[in-house]
$ cat query-v4.pdb   # PDB, C-alpha atoms and all ligand atoms
MODEL        1
ATOM      1  CA  LYS A   1     -48.255  56.999 -28.209  1.00  0.00           C
ATOM      2  CA  ASN A   2     -48.461  53.886 -26.082  1.00  0.00           C
ATOM      3  CA  VAL A   3     -50.845  53.468 -23.166  1.00  0.00           C
ATOM      4  CA  VAL A   4     -50.265  50.884 -20.435  1.00  0.00           C
ATOM      5  CA  ILE A   5     -53.238  50.095 -18.191  1.00  0.00           C
ATOM      6  CA  LEU A   6     -52.843  48.578 -14.719  1.00  0.00           C
ATOM      7  CA  ILE A   7     -55.710  46.589 -13.206  1.00  0.00           C
ATOM      8  CA  SER A   8     -56.327  44.334 -10.222  1.00  0.00           C
ATOM      9  CA  GLY A   9     -59.745  42.864 -10.932  1.00  0.00           C
ATOM     10  CA  ARG A  10     -62.852  43.326 -13.024  1.00  0.00           C
ATOM     11  CA  GLY A  11     -61.298  45.874 -15.354  1.00  0.00           C
ATOM     12  CA  SER A  12     -64.506  47.522 -16.505  1.00  0.00           C
ATOM     13  CA  ASN A  13     -62.817  50.934 -16.782  1.00  0.00           C
ATOM     14  CA  MET A  14     -60.046  49.393 -18.867  1.00  0.00           C
ATOM     15  CA  GLU A  15     -62.728  47.841 -21.068  1.00  0.00           C
ATOM     16  CA  ALA A  16     -64.438  51.208 -21.495  1.00  0.00           C
ATOM     17  CA  ILE A  17     -61.125  52.792 -22.506  1.00  0.00           C
ATOM     18  CA  VAL A  18     -60.346  50.022 -25.022  1.00  0.00           C
ATOM     19  CA  HIS A  19     -63.832  50.237 -26.569  1.00  0.00           C
ATOM     20  CA  THR A  20     -63.709  54.031 -26.767  1.00  0.00           C
ATOM     21  CA  ALA A  21     -60.244  53.994 -28.339  1.00  0.00           C
ATOM     22  CA  GLN A  22     -61.549  51.573 -30.973  1.00  0.00           C
ATOM     23  CA  ARG A  23     -64.764  53.466 -31.618  1.00  0.00           C
ATOM     24  CA  GLU A  24     -63.064  56.858 -31.848  1.00  0.00           C
ATOM     25  CA  ARG A  25     -60.079  55.464 -33.749  1.00  0.00           C
ATOM     26  CA  TRP A  26     -57.456  56.900 -31.428  1.00  0.00           C
ATOM     27  CA  SER A  27     -53.984  57.090 -32.871  1.00  0.00           C
ATOM     28  CA  ALA A  28     -52.697  56.119 -29.419  1.00  0.00           C
ATOM     29  CA  ARG A  29     -52.349  52.392 -28.841  1.00  0.00           C
ATOM     30  CA  ILE A  30     -53.382  50.402 -25.773  1.00  0.00           C
ATOM     31  CA  ALA A  31     -50.051  48.589 -25.674  1.00  0.00           C
ATOM     32  CA  ALA A  32     -50.524  46.418 -22.600  1.00  0.00           C
ATOM     33  CA  VAL A  33     -52.742  45.550 -19.663  1.00  0.00           C
ATOM     34  CA  ILE A  34     -50.829  44.541 -16.552  1.00  0.00           C
ATOM     35  CA  SER A  35     -52.325  43.044 -13.388  1.00  0.00           C
ATOM     36  CA  ASN A  36     -50.905  42.341  -9.952  1.00  0.00           C
ATOM     37  CA  ARG A  37     -53.393  39.487  -9.610  1.00  0.00           C
ATOM     38  CA  PRO A  38     -53.212  36.449 -11.893  1.00  0.00           C
ATOM     39  CA  ASP A  39     -56.991  35.923 -11.581  1.00  0.00           C
ATOM     40  CA  ALA A  40     -58.013  39.465 -12.586  1.00  0.00           C
ATOM     41  CA  ALA A  41     -61.057  39.058 -14.829  1.00  0.00           C
ATOM     42  CA  GLY A  42     -60.000  41.984 -17.007  1.00  0.00           C
ATOM     43  CA  LEU A  43     -56.991  40.079 -18.348  1.00  0.00           C
ATOM     44  CA  LYS A  44     -59.257  37.803 -20.374  1.00  0.00           C
ATOM     45  CA  PHE A  45     -61.003  40.714 -22.033  1.00  0.00           C
ATOM     46  CA  ALA A  46     -57.657  42.283 -22.963  1.00  0.00           C
ATOM     47  CA  GLN A  47     -56.521  39.011 -24.507  1.00  0.00           C
ATOM     48  CA  THR A  48     -59.658  38.763 -26.624  1.00  0.00           C
ATOM     49  CA  GLN A  49     -58.774  42.222 -27.966  1.00  0.00           C
ATOM     50  CA  GLY A  50     -55.274  41.118 -28.922  1.00  0.00           C
ATOM     51  CA  ILE A  51     -53.719  43.374 -26.285  1.00  0.00           C
ATOM     52  CA  ALA A  52     -50.505  42.181 -24.623  1.00  0.00           C
ATOM     53  CA  THR A  53     -51.063  41.185 -20.999  1.00  0.00           C
ATOM     54  CA  ALA A  54     -48.709  40.573 -18.119  1.00  0.00           C
ATOM     55  CA  VAL A  55     -49.002  39.619 -14.462  1.00  0.00           C
ATOM     56  CA  VAL A  56     -46.638  40.944 -11.822  1.00  0.00           C
ATOM     57  CA  ASP A  57     -47.902  39.141  -8.738  1.00  0.00           C
ATOM     58  CA  HIS A  58     -47.209  41.204  -5.625  1.00  0.00           C
ATOM     59  CA  LYS A  59     -47.255  38.031  -3.527  1.00  0.00           C
ATOM     60  CA  ALA A  60     -44.061  36.883  -5.229  1.00  0.00           C
ATOM     61  CA  PHE A  61     -42.089  39.822  -3.791  1.00  0.00           C
ATOM     62  CA  GLU A  62     -40.829  40.385  -0.279  1.00  0.00           C
ATOM     63  CA  THR A  63     -40.978  44.141  -0.320  1.00  0.00           C
ATOM     64  CA  ARG A  64     -43.079  46.839  -1.931  1.00  0.00           C
ATOM     65  CA  GLU A  65     -39.868  48.235  -3.447  1.00  0.00           C
ATOM     66  CA  ALA A  66     -39.028  44.933  -5.151  1.00  0.00           C
ATOM     67  CA  PHE A  67     -42.582  44.596  -6.463  1.00  0.00           C
ATOM     68  CA  ASP A  68     -42.594  48.151  -7.792  1.00  0.00           C
ATOM     69  CA  ALA A  69     -39.214  47.643  -9.484  1.00  0.00           C
ATOM     70  CA  ALA A  70     -40.523  44.556 -11.306  1.00  0.00           C
ATOM     71  CA  LEU A  71     -43.714  46.362 -12.211  1.00  0.00           C
ATOM     72  CA  MET A  72     -41.756  49.308 -13.608  1.00  0.00           C
ATOM     73  CA  GLN A  73     -39.757  46.947 -15.768  1.00  0.00           C
ATOM     74  CA  ALA A  74     -42.906  45.285 -17.122  1.00  0.00           C
ATOM     75  CA  ILE A  75     -44.485  48.681 -17.837  1.00  0.00           C
ATOM     76  CA  ASP A  76     -41.409  50.274 -19.417  1.00  0.00           C
ATOM     77  CA  ALA A  77     -41.039  47.360 -21.817  1.00  0.00           C
ATOM     78  CA  HIS A  78     -44.003  49.001 -23.601  1.00  0.00           C
ATOM     79  CA  ASP A  79     -42.541  52.512 -23.645  1.00  0.00           C
ATOM     80  CA  PRO A  80     -45.703  54.208 -22.338  1.00  0.00           C
ATOM     81  CA  ALA A  81     -46.595  57.856 -22.897  1.00  0.00           C
ATOM     82  CA  VAL A  82     -49.094  57.385 -20.093  1.00  0.00           C
ATOM     83  CA  VAL A  83     -49.756  54.781 -17.402  1.00  0.00           C
ATOM     84  CA  VAL A  84     -53.434  54.397 -16.529  1.00  0.00           C
ATOM     85  CA  LEU A  85     -54.455  52.999 -13.145  1.00  0.00           C
ATOM     86  CA  ALA A  86     -57.885  51.420 -13.492  1.00  0.00           C
ATOM     87  CA  GLY A  87     -58.903  49.696 -10.287  1.00  0.00           C
ATOM     88  CA  PHE A  88     -55.264  48.971  -9.459  1.00  0.00           C
ATOM     89  CA  MET A  89     -55.351  48.179  -5.766  1.00  0.00           C
ATOM     90  CA  ARG A  90     -51.746  48.556  -4.629  1.00  0.00           C
ATOM     91  CA  ILE A  91     -50.134  51.405  -2.730  1.00  0.00           C
ATOM     92  CA  LEU A  92     -47.257  52.700  -4.847  1.00  0.00           C
ATOM     93  CA  THR A  93     -43.788  53.640  -3.563  1.00  0.00           C
ATOM     94  CA  PRO A  94     -42.410  57.180  -4.024  1.00  0.00           C
ATOM     95  CA  VAL A  95     -39.788  55.824  -6.439  1.00  0.00           C
ATOM     96  CA  PHE A  96     -42.577  54.456  -8.612  1.00  0.00           C
ATOM     97  CA  THR A  97     -44.717  57.593  -8.541  1.00  0.00           C
ATOM     98  CA  ALA A  98     -41.638  59.775  -9.235  1.00  0.00           C
ATOM     99  CA  HIS A  99     -40.686  57.622 -12.231  1.00  0.00           C
ATOM    100  CA  TYR A 100     -44.113  58.208 -13.841  1.00  0.00           C
ATOM    101  CA  ALA A 101     -44.600  61.777 -12.589  1.00  0.00           C
ATOM    102  CA  GLY A 102     -46.750  63.758 -15.014  1.00  0.00           C
ATOM    103  CA  ARG A 103     -47.685  60.660 -17.013  1.00  0.00           C
ATOM    104  CA  MET A 104     -49.761  58.475 -14.694  1.00  0.00           C
ATOM    105  CA  LEU A 105     -53.530  58.805 -14.169  1.00  0.00           C
ATOM    106  CA  ASN A 106     -55.989  57.252 -11.727  1.00  0.00           C
ATOM    107  CA  ILE A 107     -59.743  57.201 -11.299  1.00  0.00           C
ATOM    108  CA  HIS A 108     -61.264  57.287  -7.842  1.00  0.00           C
ATOM    109  CA  PRO A 109     -64.975  56.788  -7.161  1.00  0.00           C
ATOM    110  CA  SER A 110     -65.530  59.897  -5.048  1.00  0.00           C
ATOM    111  CA  LEU A 111     -65.410  63.644  -5.388  1.00  0.00           C
ATOM    112  CA  LEU A 112     -61.835  64.123  -4.224  1.00  0.00           C
ATOM    113  CA  PRO A 113     -60.490  65.446  -1.963  1.00  0.00           C
ATOM    114  CA  SER A 114     -63.442  63.889  -0.099  1.00  0.00           C
ATOM    115  CA  PHE A 115     -63.209  60.195   0.726  1.00  0.00           C
ATOM    116  CA  PRO A 116     -59.813  59.064  -0.545  1.00  0.00           C
ATOM    117  CA  GLY A 117     -58.932  55.423   0.139  1.00  0.00           C
ATOM    118  CA  LEU A 118     -61.247  52.449   0.532  1.00  0.00           C
ATOM    119  CA  HIS A 119     -65.010  52.095   1.186  1.00  0.00           C
ATOM    120  CA  THR A 120     -65.722  55.453  -0.430  1.00  0.00           C
ATOM    121  CA  HIS A 121     -69.397  54.828  -1.161  1.00  0.00           C
ATOM    122  CA  GLN A 122     -70.194  53.594   2.329  1.00  0.00           C
ATOM    123  CA  ARG A 123     -68.427  56.597   3.823  1.00  0.00           C
ATOM    124  CA  ALA A 124     -70.254  59.038   1.517  1.00  0.00           C
ATOM    125  CA  LEU A 125     -73.592  57.489   2.508  1.00  0.00           C
ATOM    126  CA  GLU A 126     -72.747  57.621   6.195  1.00  0.00           C
ATOM    127  CA  ALA A 127     -71.737  61.278   5.839  1.00  0.00           C
ATOM    128  CA  GLY A 128     -75.200  61.975   4.430  1.00  0.00           C
ATOM    129  CA  CYS A 129     -73.885  63.247   1.076  1.00  0.00           C
ATOM    130  CA  GLN A 130     -76.609  64.056  -1.438  1.00  0.00           C
ATOM    131  CA  LEU A 131     -74.180  64.059  -4.332  1.00  0.00           C
ATOM    132  CA  ALA A 132     -71.521  61.522  -5.212  1.00  0.00           C
ATOM    133  CA  GLY A 133     -69.243  61.164  -8.181  1.00  0.00           C
ATOM    134  CA  ALA A 134     -65.841  60.256  -9.507  1.00  0.00           C
ATOM    135  CA  THR A 135     -62.518  61.944 -10.118  1.00  0.00           C
ATOM    136  CA  VAL A 136     -59.793  61.394 -12.703  1.00  0.00           C
ATOM    137  CA  HIS A 137     -56.515  62.731 -11.364  1.00  0.00           C
ATOM    138  CA  GLY A 138     -52.801  62.730 -11.942  1.00  0.00           C
ATOM    139  CA  VAL A 139     -50.982  60.361  -9.581  1.00  0.00           C
ATOM    140  CA  THR A 140     -48.610  61.786  -6.987  1.00  0.00           C
ATOM    141  CA  ALA A 141     -46.888  60.159  -4.014  1.00  0.00           C
ATOM    142  CA  GLU A 142     -49.950  60.833  -1.861  1.00  0.00           C
ATOM    143  CA  LEU A 143     -52.774  58.289  -2.281  1.00  0.00           C
ATOM    144  CA  ASP A 144     -55.785  59.626  -4.230  1.00  0.00           C
ATOM    145  CA  HIS A 145     -54.338  63.113  -4.514  1.00  0.00           C
ATOM    146  CA  GLY A 146     -52.949  65.088  -7.418  1.00  0.00           C
ATOM    147  CA  PRO A 147     -54.174  67.406 -10.177  1.00  0.00           C
ATOM    148  CA  ILE A 148     -57.820  66.851 -11.072  1.00  0.00           C
ATOM    149  CA  LEU A 149     -58.399  66.279 -14.807  1.00  0.00           C
ATOM    150  CA  ALA A 150     -62.113  65.558 -14.625  1.00  0.00           C
ATOM    151  CA  GLN A 151     -64.858  65.261 -12.072  1.00  0.00           C
ATOM    152  CA  ALA A 152     -68.526  64.369 -12.492  1.00  0.00           C
ATOM    153  CA  LEU A 153     -71.580  63.970 -10.292  1.00  0.00           C
ATOM    154  CA  VAL A 154     -74.428  61.587  -9.659  1.00  0.00           C
ATOM    155  CA  PRO A 155     -77.222  62.009  -7.116  1.00  0.00           C
ATOM    156  CA  VAL A 156     -77.468  59.884  -4.008  1.00  0.00           C
ATOM    157  CA  LEU A 157     -81.012  58.485  -4.154  1.00  0.00           C
ATOM    158  CA  PRO A 158     -83.375  57.328  -1.415  1.00  0.00           C
ATOM    159  CA  GLY A 159     -82.784  53.665  -0.660  1.00  0.00           C
ATOM    160  CA  ASP A 160     -79.176  53.719  -1.878  1.00  0.00           C
ATOM    161  CA  ASP A 161     -76.711  51.315  -0.374  1.00  0.00           C
ATOM    162  CA  ALA A 162     -73.032  51.160  -1.267  1.00  0.00           C
ATOM    163  CA  ASP A 163     -73.698  48.706  -4.124  1.00  0.00           C
ATOM    164  CA  ARG A 164     -76.408  50.756  -5.776  1.00  0.00           C
ATOM    165  CA  LEU A 165     -74.428  53.957  -5.424  1.00  0.00           C
ATOM    166  CA  SER A 166     -71.245  52.364  -6.720  1.00  0.00           C
ATOM    167  CA  ALA A 167     -73.065  51.016  -9.809  1.00  0.00           C
ATOM    168  CA  ARG A 168     -74.347  54.526 -10.581  1.00  0.00           C
ATOM    169  CA  VAL A 169     -70.879  56.011 -10.125  1.00  0.00           C
ATOM    170  CA  LEU A 170     -69.246  53.253 -12.188  1.00  0.00           C
ATOM    171  CA  ALA A 171     -71.442  54.033 -15.201  1.00  0.00           C
ATOM    172  CA  LEU A 172     -70.181  57.595 -14.941  1.00  0.00           C
ATOM    173  CA  GLU A 173     -66.563  56.430 -14.666  1.00  0.00           C
ATOM    174  CA  HIS A 174     -66.928  54.555 -17.942  1.00  0.00           C
ATOM    175  CA  GLN A 175     -67.857  57.830 -19.638  1.00  0.00           C
ATOM    176  CA  MET A 176     -65.345  60.130 -18.035  1.00  0.00           C
ATOM    177  CA  TYR A 177     -62.136  58.083 -17.873  1.00  0.00           C
ATOM    178  CA  PRO A 178     -61.812  57.511 -21.628  1.00  0.00           C
ATOM    179  CA  ARG A 179     -62.638  61.163 -22.256  1.00  0.00           C
ATOM    180  CA  ALA A 180     -60.084  62.501 -19.759  1.00  0.00           C
ATOM    181  CA  LEU A 181     -57.461  60.125 -21.128  1.00  0.00           C
ATOM    182  CA  ARG A 182     -58.158  61.353 -24.652  1.00  0.00           C
ATOM    183  CA  TRP A 183     -57.682  64.966 -23.507  1.00  0.00           C
ATOM    184  CA  PHE A 184     -54.404  63.986 -21.897  1.00  0.00           C
ATOM    185  CA  LEU A 185     -53.134  62.086 -24.936  1.00  0.00           C
ATOM    186  CA  ASN A 186     -54.123  64.925 -27.273  1.00  0.00           C
ATOM    187  CA  ASP A 187     -52.281  67.391 -25.066  1.00  0.00           C
ATOM    188  CA  GLU A 188     -55.475  69.378 -24.537  1.00  0.00           C
ATOM    189  CA  LEU A 189     -54.788  70.004 -20.852  1.00  0.00           C
ATOM    190  CA  GLU A 190     -52.665  72.648 -19.193  1.00  0.00           C
ATOM    191  CA  PHE A 191     -51.280  71.784 -15.750  1.00  0.00           C
ATOM    192  CA  ASP A 192     -50.612  74.491 -13.181  1.00  0.00           C
ATOM    193  CA  GLY A 193     -49.843  72.816  -9.863  1.00  0.00           C
ATOM    194  CA  ASN A 194     -53.053  71.120  -8.794  1.00  0.00           C
ATOM    195  CA  ARG A 195     -55.139  73.060 -11.275  1.00  0.00           C
ATOM    196  CA  VAL A 196     -55.850  71.695 -14.711  1.00  0.00           C
ATOM    197  CA  ARG A 197     -57.330  73.768 -17.487  1.00  0.00           C
ATOM    198  CA  HIS A 198     -58.720  72.517 -20.780  1.00  0.00           C
ATOM    199  CA  ARG A 199     -57.004  74.510 -23.535  1.00  0.00           C
ATOM    200  CA  MET A 200     -60.024  74.973 -25.772  1.00  0.00           C
ATOM    201  CA  GLY A 201     -62.941  74.256 -23.495  1.00  0.00           C
ATOM    202  CA  GLU A 202     -64.367  70.765 -23.322  1.00  0.00           C
ATOM    203  CA  SER A 203     -64.488  68.553 -26.379  1.00  0.00           C
TER
HETATM  204  C1  LIG B   1     -63.610  51.710  -9.884  1.00  0.00           C
HETATM  205  O1  LIG B   1     -64.704  52.106  -9.112  1.00  0.00           O
HETATM  206  C2  LIG B   1     -62.477  52.693  -9.735  1.00  0.00           C
HETATM  207  O2  LIG B   1     -62.902  54.010  -9.556  1.00  0.00           O
HETATM  208  C3  LIG B   1     -61.802  52.216  -8.482  1.00  0.00           C
HETATM  209  O3  LIG B   1     -61.873  50.815  -8.532  1.00  0.00           O
HETATM  210  C4  LIG B   1     -62.982  50.424  -9.349  1.00  0.00           C
HETATM  211  C5  LIG B   1     -62.423  49.569 -10.438  1.00  0.00           C
HETATM  212  O4  LIG B   1     -63.398  48.962 -11.228  1.00  0.00           O
HETATM  213  N1  LIG B   1     -60.463  52.761  -8.393  1.00  0.00           N
HETATM  214  P1  LIG B   1     -62.981  48.226 -12.569  1.00  0.00           P
HETATM  215  O5  LIG B   1     -61.898  47.218 -12.232  1.00  0.00           O
HETATM  216  O6  LIG B   1     -62.495  49.268 -13.535  1.00  0.00           O
HETATM  217  O7  LIG B   1     -64.231  47.557 -13.056  1.00  0.00           O
ENDMDL
END

$ encode --input "query-v4.pdb" --output "structure tokens"
Amino acid sequence: KNVVILISGRGSNMEAIVHTAQRERWSARIAAVISNRPDAAGLKFAQTQGIATAVVDHKAFETREAFDAALMQAIDAHDPAVVVLAGFMRILTPVFTAHYAGRMLNIHPSLLPSFPGLHTHQRALEAGCQLAGATVHGVTAELDHGPILAQALVPVLPGDDADRLSARVLALEHQMYPRALRWFLNDELEFDGNRVRHRMGES
């Protein structure tokens, strides 16, 4: 099975997935890393791993639809079983989300359905949350919604600002995204609308 990962920047979640796939000797292959930004730092890491990279620069397109069509072409060239959004910072069109329905995942640094969208950590702090976390979910047409594959918690600690909280959540993301992706690839999950059940309990 081929995996295509979309990034826009740092790509630390992509890195965690690549390292985990290597360490655990996944039979699935990280076939390509695609960025909408030519300067995304994660592209360099992917290249050092011998992974194919591509850039589909959104600035080169007049409409979201045209960008998404080009992106779909770049992705489908790698015949993906699953498309993994890892810090991919573009709103996707319904045509795009429909094309990858049931085979596109995202990670969001909050306990969805709380705090979808941007500035999640700041908003969680301002709301006085004592717990924060991250969510791996299936991608639907609605931003940061869809069936929840995995969710995990960290405490909000005294003295936290958005940077400190986001670093704590990011460390968690690096654990949970590779694991949830492995469940998905191994067909260990059962989808029932928004509810997702692990077939044999966690592994
Ligand atoms: C992560 O916090 C992820 O949850 C969010 O964007 C950030 C991406 O970080 N969607 P990285 O590019 O994976 O380092």

$ atom_distance --input "query-v4.pdb" --atom1 "CA of Leu92 in chain A" --atom2 "CA of Ala141 in chain A"
7.5 Å

$ axis_aligned_box --input "query-v4.pdb" --around "range 76-94 of chain A" --padding-each-side "4 Å" --output "lines of an AutoDock Vina configuration file"
center_x = -50.0
center_y = 52.6
center_z = -13.2
size_x = 25.9
size_y = 18.5
size_z = 28.9

$ closest_atom_pairs --input "query-v4.pdb" --of "range 84-201 of chain A" --to "range 17-29 of chain A" --cutoff "9 Å" --atoms "all atoms listed in the file" --output "CSV"
residue,atom,partner,partner_atom,distance
A:His174,CA,A:Ile17,CA,7.6
A:Gln175,CA,A:Ile17,CA,8.9
A:Tyr177,CA,A:Ile17,CA,7.1
A:Pro178,CA,A:Ile17,CA,4.8
A:Arg179,CA,A:Thr20,CA,8.5
A:Leu181,CA,A:Ile17,CA,8.3
A:Arg182,CA,A:Trp26,CA,8.1
A:Leu185,CA,A:Ala28,CA,7.5

$ atom_distance --input "query-v4.pdb" --atom1 "CA of His145 in chain A" --atom2 "CA of Leu189 in chain A"
17.7 Å

$ residues_around --input "query-v4.pdb" --residues "Ala124 in chain A" --least-positions-apart "2" --cutoff "12 Å" --atoms "all atoms listed in the file" --output "PyMOL selection string"
chain A and resi 109-112+114-122+126-134+155-156+160-162+165-166

$ closest_residue --input "query-v4.pdb" --among "A:Gly42, A:Pro94, A:Gly102, A:Gly9" --to "Phe184 in chain A" --atoms "all atoms listed in the file"
A:Gly102

$ closest_atom_pairs --input "query-v4.pdb" --of "chain A" --to "ligand LIG 1 (chain B)" --cutoff "9 Å" --atoms "all atoms listed in the file" --output "CSV"
residue,atom,partner,partner_atom,distance
A:Ile7,CA,B:LIG1,O5,6.3
A:Ser8,CA,B:LIG1,O5,6.6
A:Gly9,CA,B:LIG1,O5,5.0
A:Arg10,CA,B:LIG1,O5,4.1
A:Gly11,CA,B:LIG1,O5,3.5
A:Ser12,CA,B:LIG1,O7,3.5
A:Asn13,CA,B:LIG1,O6,3.7
A:Met14,CA,B:LIG1,O6,5.9
A:Glu15,CA,B:LIG1,O6,7.7
A:Ala16,CA,B:LIG1,O6,8.4
A:Ala40,CA,B:LIG1,O5,8.7
A:Ala41,CA,B:LIG1,O5,8.6
A:Gly42,CA,B:LIG1,O5,7.3
A:Leu85,CA,B:LIG1,N1,7.7
A:Ala86,CA,B:LIG1,O6,5.1
A:Gly87,CA,B:LIG1,C5,3.5
A:Phe88,CA,B:LIG1,N1,6.5
A:Met89,CA,B:LIG1,N1,7.4
A:Asn106,CA,B:LIG1,N1,7.2
A:Ile107,CA,B:LIG1,O2,4.8
A:His108,CA,B:LIG1,O2,4.0
A:Pro109,CA,B:LIG1,O2,4.2
A:Ser110,CA,B:LIG1,O2,7.9
A:Leu118,CA,B:LIG1,N1,9.0
A:Ala134,CA,B:LIG1,O2,6.9
A:Thr135,CA,B:LIG1,O2,8.0
A:Val136,CA,B:LIG1,O2,8.6
A:Ser166,CA,B:LIG1,O1,7.0
A:Ala167,CA,B:LIG1,O1,8.5
A:Val169,CA,B:LIG1,O1,7.4
A:Leu170,CA,B:LIG1,O1,5.6
A:Glu173,CA,B:LIG1,O2,6.7
A:His174,CA,B:LIG1,O6,8.2

$ residues_around --input "query-v4.pdb" --residues "Ala70 in chain A" --least-positions-apart "2" --cutoff "12 Å" --atoms "only C-alpha atoms" --output "list in words"
Ile34, Asn36, Ala54, Val55, Val56, Asp57, His58, Ala60, Phe61, Glu62, Thr63, Arg64, Glu65, Ala66, Phe67, Asp68, Met72, Gln73, Ala74, Ile75, Asp76, Ala77 and Phe96 of chain A

$ write_last_selection --input "query-v4.pdb" --atoms "C-alpha atoms" --output "PDB file, in the coordinates of the input"
ATOM      1  CA  ILE A  34     -50.829  44.541 -16.552  1.00  0.00           C
ATOM      2  CA  ASN A  36     -50.905  42.341  -9.952  1.00  0.00           C
ATOM      3  CA  ALA A  54     -48.709  40.573 -18.119  1.00  0.00           C
ATOM      4  CA  VAL A  55     -49.002  39.619 -14.462  1.00  0.00           C
ATOM      5  CA  VAL A  56     -46.638  40.944 -11.822  1.00  0.00           C
ATOM      6  CA  ASP A  57     -47.902  39.141  -8.738  1.00  0.00           C
ATOM      7  CA  HIS A  58     -47.209  41.204  -5.625  1.00  0.00           C
ATOM      8  CA  ALA A  60     -44.061  36.883  -5.229  1.00  0.00           C
ATOM      9  CA  PHE A  61     -42.089  39.822  -3.791  1.00  0.00           C
ATOM     10  CA  GLU A  62     -40.829  40.385  -0.279  1.00  0.00           C
ATOM     11  CA  THR A  63     -40.978  44.141  -0.320  1.00  0.00           C
ATOM     12  CA  ARG A  64     -43.079  46.839  -1.931  1.00  0.00           C
ATOM     13  CA  GLU A  65     -39.868  48.235  -3.447  1.00  0.00           C
ATOM     14  CA  ALA A  66     -39.028  44.933  -5.151  1.00  0.00           C
ATOM     15  CA  PHE A  67     -42.582  44.596  -6.463  1.00  0.00           C
ATOM     16  CA  ASP A  68     -42.594  48.151  -7.792  1.00  0.00           C
ATOM     17  CA  MET A  72     -41.756  49.308 -13.608  1.00  0.00           C
ATOM     18  CA  GLN A  73     -39.757  46.947 -15.768  1.00  0.00           C
ATOM     19  CA  ALA A  74     -42.906  45.285 -17.122  1.00  0.00           C
ATOM     20  CA  ILE A  75     -44.485  48.681 -17.837  1.00  0.00           C
ATOM     21  CA  ASP A  76     -41.409  50.274 -19.417  1.00  0.00           C
ATOM     22  CA  ALA A  77     -41.039  47.360 -21.817  1.00  0.00           C
ATOM     23  CA  PHE A  96     -42.577  54.456  -8.612  1.00  0.00           C
TER      24      PHE A  96
END

$ closest_residue --input "query-v4.pdb" --among "A:Leu157, A:Ala171, A:Leu149, A:Ile30" --to "Glu190 in chain A" --atoms "all atoms listed in the file"
A:Leu149

$ residues_around --input "query-v4.pdb" --residues "Asn2 in chain A" --least-positions-apart "3" --cutoff "9 Å" --atoms "only C-alpha atoms" --output "tab-separated table (two decimals) with C-alpha atoms, in the coordinates of the input"
chain	number	residue	atom	x	y	z
A	28	ALA	CA	-52.70	56.12	-29.42
A	29	ARG	CA	-52.35	52.39	-28.84
A	30	ILE	CA	-53.38	50.40	-25.77
A	31	ALA	CA	-50.05	48.59	-25.67
A	32	ALA	CA	-50.52	46.42	-22.60
A	78	HIS	CA	-44.00	49.00	-23.60
A	79	ASP	CA	-42.54	52.51	-23.64
A	80	PRO	CA	-45.70	54.21	-22.34
A	81	ALA	CA	-46.60	57.86	-22.90
A	82	VAL	CA	-49.09	57.38	-20.09
A	83	VAL	CA	-49.76	54.78	-17.40

$ atom_distance --input "query-v4.pdb" --atom1 "CA of Pro147 in chain A" --atom2 "CA of His198 in chain A"
12.6 Å

$ closest_residue --input "query-v4.pdb" --among "A:Leu143, A:Val33, A:Leu105, A:Ala98" --to "Trp183 in chain A" --atoms "all atoms listed in the file"
A:Leu105

$ closest_residue --input "query-v4.pdb" --among "A:His99, A:Leu71, A:Arg199, A:Gly138" --to "Val84 in chain A" --atoms "all atoms listed in the file"
A:Gly138

$ closest_residue --input "query-v4.pdb" --among "A:Leu125, A:Met200, A:Ala180, A:Leu172" --to "Ala150 in chain A" --atoms "all atoms listed in the file"
A:Ala180

$ residues_around --input "query-v4.pdb" --residues "Asn194 in chain A" --least-positions-apart "2" --cutoff "9 Å" --atoms "all atoms listed in the file" --output "NGL selection string"
:A and (138 or 146-148 or 191-192 or 196)

$ closest_residue --input "query-v4.pdb" --among "A:Leu6, A:Ile91, A:Ala101, A:Ala152" --to "Ala46 in chain A" --atoms "only C-alpha atoms"
A:Leu6

$ decode --input "query-v4.pdb" --residues "range 134-142 of chain A" --atoms "N, CA and C atoms" --output "PDB file, in the first residue's frame"
ATOM      1  N   ALA A 134      -4.729  16.042  21.224  1.00  0.00           N
ATOM      2  CA  ALA A 134      -4.719  16.023  19.765  1.00  0.00           C
ATOM      3  C   ALA A 134      -5.663  14.937  19.280  1.00  0.00           C
ATOM      4  N   THR A 135      -6.070  15.092  18.029  1.00  0.00           N
ATOM      5  CA  THR A 135      -7.059  14.195  17.431  1.00  0.00           C
ATOM      6  C   THR A 135      -6.605  13.774  16.039  1.00  0.00           C
ATOM      7  N   VAL A 136      -6.628  12.484  15.767  1.00  0.00           N
ATOM      8  CA  VAL A 136      -6.461  11.997  14.394  1.00  0.00           C
ATOM      9  C   VAL A 136      -7.854  11.648  13.883  1.00  0.00           C
ATOM     10  N   HIS A 137      -8.206  12.218  12.728  1.00  0.00           N
ATOM     11  CA  HIS A 137      -9.566  11.990  12.230  1.00  0.00           C
ATOM     12  C   HIS A 137      -9.579  11.798  10.721  1.00  0.00           C
ATOM     13  N   GLY A 138     -10.642  11.160  10.266  1.00  0.00           N
ATOM     14  CA  GLY A 138     -10.866  11.049   8.830  1.00  0.00           C
ATOM     15  C   GLY A 138     -11.315  12.397   8.292  1.00  0.00           C
ATOM     16  N   VAL A 139     -10.885  12.741   7.084  1.00  0.00           N
ATOM     17  CA  VAL A 139     -11.190  14.067   6.532  1.00  0.00           C
ATOM     18  C   VAL A 139     -12.506  14.028   5.766  1.00  0.00           C
ATOM     19  N   THR A 140     -13.379  14.978   6.120  1.00  0.00           N
ATOM     20  CA  THR A 140     -14.635  15.170   5.393  1.00  0.00           C
ATOM     21  C   THR A 140     -14.628  16.589   4.830  1.00  0.00           C
ATOM     22  N   ALA A 141     -15.740  16.975   4.201  1.00  0.00           N
ATOM     23  CA  ALA A 141     -15.782  18.312   3.586  1.00  0.00           C
ATOM     24  C   ALA A 141     -15.702  19.413   4.639  1.00  0.00           C
ATOM     25  N   GLU A 142     -16.094  19.106   5.862  1.00  0.00           N
ATOM     26  CA  GLU A 142     -16.094  20.124   6.915  1.00  0.00           C
ATOM     27  C   GLU A 142     -14.732  20.154   7.610  1.00  0.00           C
TER      28      GLU A 142
END
